[in-house]
Amino acid sequence: MRLKSVFMCLAMLAVPAAAAAPLPAPRQVEIPEGNVTLHAQLYRPDGDGPFPTVMALHGCGGLAGRSEAVLPRYRDWAEQLLTSGHAVLLPDSYGSRGLGPQCRIKEHQVQTRRARVADINAARQWLVQQKWVAKSRISLIGWGNGAAALLWAVRPQVWSRNGEPDFRSAVAFYPDCRTSFGLGWSARVPTLVLIGARDDVASSSACHQMVDGARGRSALARIVVYPEAYHDFDRANLPLHVVAASDAEIAERGHIGTDADARKDAQKQVAEWLSR
């Protein structure tokens, strides 16, 4: 009996622990937008919904990599949101137009305040037609250039009231706030800006001025500035370094890198903001 028990224990040790169920992979959806077919990657929880949904807006480096439909930085956030019960739609503003990264192109072929805002509006119209979407709980999140487009998209001037619920909320990671501040930015939906004080790609002081200027004439706008964080602080496992001249997928100057404390707090801030 003792020998049998030993064999049973060895057999149990040889069996790997049950792995967590893999998260659903994204699938590509096609969204008509005038003369452009907007390609987007969709992460959707299992079930019929309706699900709170986040539209996630890539930065100037684009959405896809050389061999992957969604770069790790966006996949990481999409999977976090997916595990909290959100569907996530990631429109590809550059790939849909046959373009690569736009970080170091002085005259962007996809204008932030026009084409990217049009993409946001087209994607939103597509979402409200889906039965699995909680139409009153569609939010925006964006990084860099995508965050700058988000700031334009939530301005009161671009909202056409058609009886449908507006975006629920918005989160902008390290946008370039200088133009928005100069034009007297305000938001019609609660908008959270997250940026590092040491960001030398964007400007935390311009974002602070933009948000401060919007108080009293805007929906709730809030900014969190992380004292030791640089640009791209929320990316996982990215050592802090000076931007290389050869890397066309990131801004042409400054420092980028993970700040573990800021990343952790940002995850908490986003979860709380989206649950409003």
# chains A, B, ... in the order shown; residues from 1 in each chain; ligands from 1
>>> residues_around(residues="Leu23 in chain A", least_positions_apart="4", cutoff="9 Å", atoms="only C-alpha atoms", output="list of chain:residue names")
A:Pro45, A:Glu79, A:Leu82, A:Thr83
>>> closest_atom_pairs(of="range 101-169 of chain A", to="range 197-221 of chain A", cutoff="10 Å", atoms="only C-alpha atoms", output="CSV")
residue,atom,partner,partner_atom,distance
A:Gly144,CA,A:Ala202,CA,8.0
A:Val154,CA,A:Ala219,CA,9.8
A:Arg155,CA,A:Ser218,CA,9.0
A:Pro156,CA,A:Ser218,CA,8.6
A:Ser169,CA,A:Leu220,CA,9.5
>>> closest_residue(among="A:Ile138, A:Leu240, A:Val224, A:Ile120", to="Glu33 in chain A", atoms="only C-alpha atoms")
A:Ile120
>>> select_by_dssp(residues="range 24-116 of chain A", states="alpha helix (DSSP H)", output="list of chain:residue names")
A:Pro72, A:Arg73, A:Tyr74, A:Arg75, A:Asp76, A:Trp77, A:Ala78, A:Glu79, A:Gln80, A:Leu81, A:Leu82, A:Thr83
>>> closest_residue(among="A:Ala260, A:Leu183, A:Ala123, A:Cys60", to="Val88 in chain A", atoms="only C-alpha atoms")
A:Ala123
>>> closest_residue(among="A:Glu164, A:Asp76, A:Glu272, A:Asp261", to="Tyr43 in chain A", atoms="only C-alpha atoms")
A:Asp76
>>> atom_distance(atom1="CA of Phe51 in chain A", atom2="CA of Asp265 in chain A")
24.5 Å
>>> atom_distance(atom1="CA of Gln125 in chain A", atom2="CA of Arg168 in chain A")
14.4 Å
>>> closest_residue(among="A:Leu71, A:Leu274, A:Val225, A:Val110", to="Val171 in chain A", atoms="only C-alpha atoms")
A:Leu274
>>> atom_distance(atom1="CA of Gln130 in chain A", atom2="CA of Asn162 in chain A")
17.1 Å
>>> select_by_dssp(residues="range 121-247 of chain A", states="strand (DSSP E or B)", output="NGL selection string")
:A and (133-143 or 170-173 or 191-196 or 221-226 or 231 or 241-242)
>>> closest_residue(among="A:Leu194, A:Ala187, A:Cys103, A:Ile223", to="Val243 in chain A", atoms="only C-alpha atoms")
A:Cys103
